[in-house]
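What's in query.csv: CSV, C-alpha atoms
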chain,number,residue,atom,x,y,z
A,1,MET,CA,0.0,0.0,0.0
A,2,GLU,CA,1.3,3.5,-0.9
A,3,PRO,CA,2.2,5.8,2.0
A,4,SER,CA,-0.3,8.4,0.9
A,5,ASN,CA,-3.1,5.8,1.1
A,6,VAL,CA,-1.9,4.7,4.6
A,7,LEU,CA,-1.8,8.3,5.7
A,8,TYR,CA,-5.3,8.9,4.4
A,9,TRP,CA,-6.8,6.0,6.3
A,10,ILE,CA,-4.9,6.9,9.4
A,11,ARG,CA,-6.6,10.3,9.2
A,12,VAL,CA,-10.0,8.7,8.9
A,13,GLY,CA,-9.3,6.6,12.0
A,14,LEU,CA,-8.0,9.6,13.9
A,15,GLY,CA,-11.1,11.5,13.1
A,16,ILE,CA,-13.2,8.7,14.7
A,17,LEU,CA,-10.9,8.7,17.7
A,18,ALA,CA,-11.2,12.5,18.0
A,19,ALA,CA,-15.0,12.1,17.9
A,20,VAL,CA,-14.9,9.5,20.7
A,21,ILE,CA,-12.8,11.9,22.8
A,22,CYS,CA,-15.2,14.7,22.2
A,23,THR,CA,-18.1,12.5,23.3
A,24,LEU,CA,-16.3,11.2,26.4
A,25,LEU,CA,-15.5,14.8,27.4
A,26,ARG,CA,-19.2,15.7,27.0
A,27,LEU,CA,-18.5,18.6,24.8
A,28,ASP,CA,-22.0,19.9,24.1
A,29,ASP,CA,-21.4,22.9,21.9
A,30,PHE,CA,-19.9,22.8,18.4
A,31,LEU,CA,-17.1,25.3,18.9
A,32,SER,CA,-15.5,23.5,21.8
A,33,GLY,CA,-15.7,20.3,19.9
A,34,LEU,CA,-14.3,21.9,16.8
A,35,SER,CA,-11.4,23.4,18.7
A,36,LEU,CA,-10.6,20.0,20.2
A,37,GLY,CA,-10.8,18.4,16.7
A,38,ILE,CA,-8.4,21.0,15.3
A,39,LEU,CA,-6.0,20.7,18.1
A,40,PHE,CA,-6.0,16.9,17.8
A,41,TYR,CA,-5.4,17.2,14.0
A,42,VAL,CA,-2.5,19.6,14.5
A,43,PHE,CA,-1.0,17.4,17.3
A,44,THR,CA,-1.2,14.3,15.2
A,45,TYR,CA,0.3,16.1,12.2
A,46,TYR,CA,3.6,16.4,14.1
A,47,VAL,CA,3.5,12.8,15.0
A,48,LEU,CA,2.7,11.7,11.4
A,49,LYS,CA,5.2,14.1,10.0
A,50,ARG,CA,8.0,12.2,11.6
A,51,ARG,CA,6.8,9.0,10.2
A,52,PHE,CA,5.8,10.0,6.6
A,53,ALA,CA,7.8,13.1,5.7
A,54,THR,CA,10.4,11.1,3.8
A,55,GLN,CA,7.9,8.7,2.2
A,56,VAL,CA,5.7,11.3,0.4
A,57,GLU,CA,6.7,13.4,-2.6
A,58,LYS,CA,6.4,16.7,-0.6
A,59,PRO,CA,6.6,17.1,3.1
A,60,SER,CA,3.6,19.5,3.0
A,61,LYS,CA,1.5,16.6,1.7
A,62,VAL,CA,1.6,15.2,5.3
A,63,PHE,CA,-0.5,18.1,6.5
A,64,THR,CA,-3.0,18.2,3.6
A,65,MET,CA,-3.4,14.5,2.9
A,66,GLY,CA,-6.7,13.3,4.3
A,67,ILE,CA,-7.8,16.6,5.9
A,68,GLY,CA,-11.3,16.4,4.4
A,69,ALA,CA,-11.7,12.7,5.4
A,70,TYR,CA,-10.5,13.5,8.9
A,71,PHE,CA,-13.1,16.3,9.5
A,72,MET,CA,-15.9,14.4,7.8
A,73,SER,CA,-15.3,11.3,9.8
A,74,TRP,CA,-15.0,13.4,12.9
A,75,ILE,CA,-18.2,15.3,12.5
A,76,VAL,CA,-20.3,12.3,11.4
A,77,SER,CA,-18.9,10.1,14.2
A,78,TRP,CA,-19.3,12.8,16.8
A,79,GLY,CA,-22.9,13.3,15.9
A,80,LEU,CA,-23.5,9.5,16.0
A,81,PHE,CA,-21.7,8.9,19.3
A,82,TYR,CA,-23.3,12.0,20.9
A,83,THR,CA,-26.8,10.9,19.9
A,84,LEU,CA,-26.2,7.4,21.0
A,85,THR,CA,-24.9,8.6,24.4
A,86,LEU,CA,-27.9,10.7,24.9
A,87,TRP,CA,-30.2,7.8,23.9
A,88,ILE,CA,-28.5,5.4,26.2
A,89,LEU,CA,-28.6,7.8,29.1
A,90,GLY,CA,-32.3,8.3,28.4
A,91,ILE,CA,-32.1,12.1,27.8
A,92,VAL,CA,-33.6,11.9,24.3
Any chance you could give the structure as C-alpha cells?
Amino acid sequence: MEPSNVLYWIRVGLGILAAVICTLLRLDDFLSGLSLGILFYVFTYYVLKRRFATQVEKPSKVFTMGIGAYFMSWIVSWGLFYTLTLWILGIV
C-alpha cells in the first residue's frame, strides 16, 4: 500500500478517535468540539510528519493529505456517538 493511502486511512481513524474523545469529554457545543478536533489534528500532524515526511513526494502533503476525510469522519462520528450517548442515558 502506498504511504499516501496509509496516511489517508490513518486520518479517517484519527477522526473517529477525536469524535470518541469529544463524546467522552461531554463537549456539548460545536465550537469547543471543533477546537478540540483542530488541536487533535495539529498534534497528530507532528506525529505523522516524523513517520511519513520522507515517504511522500512533498513534506507539505503530510498536512493536507486526508484533511477532508478527517473532518468528515470526525463530525459524522461525533454526531452519531453523541446521539447514542444521549439515547443510552435516556435524555432523548
Separation of atom CA of Gly79 of chain A from atom CA of Pro3 of chain A, in Å and rounded to one decimal =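 Rounded to one decimal, the two atoms are 29.7 Å apart.
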inquiry  = What's around Lys49 of chain A at 12 Å? Count only C-alpha atoms, leave out sequence neighbours fewer than 5 positions away in its own chain, and write the answer as a list in words.
reply    =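 Counting only C-alpha atoms, the residues come to Pro3, Leu7, Tyr41, Val42, Phe43, Thr44, Thr54, Gln55, Val56, Lys58, Pro59, Ser60, Lys61, Val62, Phe63, Thr64 and Met65 of chain A.
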query = Restricting the calculation to all atoms listed in the file, which member of A:Phe52, A:Trp87, A:Tyr70, A:Trp78 is positioned closest to Ser4 of chain A?
reply =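 Between A:Phe52, A:Trp87, A:Tyr70, A:Trp78, the residue approaching Ser4 of chain A most closely is A:Phe52.
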inquiry  = Counting all atoms listed in the file, which residue out of A:Ile91, A:Asn5, A:Gly68, A:Trp74 sits closest to Ile21 of chain A?
reply    = A:Trp74
query = How far is it from atom CA of Leu34 of chain A to atom CA of Gly66 of chain A, in Å with one decimal?
reply =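 Atom CA of Gly66 of chain A lies 17.0 Å from atom CA of Leu34 of chain A.
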query = Separation of atom CA of Met72 of chain A and atom CA of Leu14 of chain A, in Å?
reply =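 Taking atom CA of Met72 of chain A and atom CA of Leu14 of chain A, their separation equals 11.1 Å.
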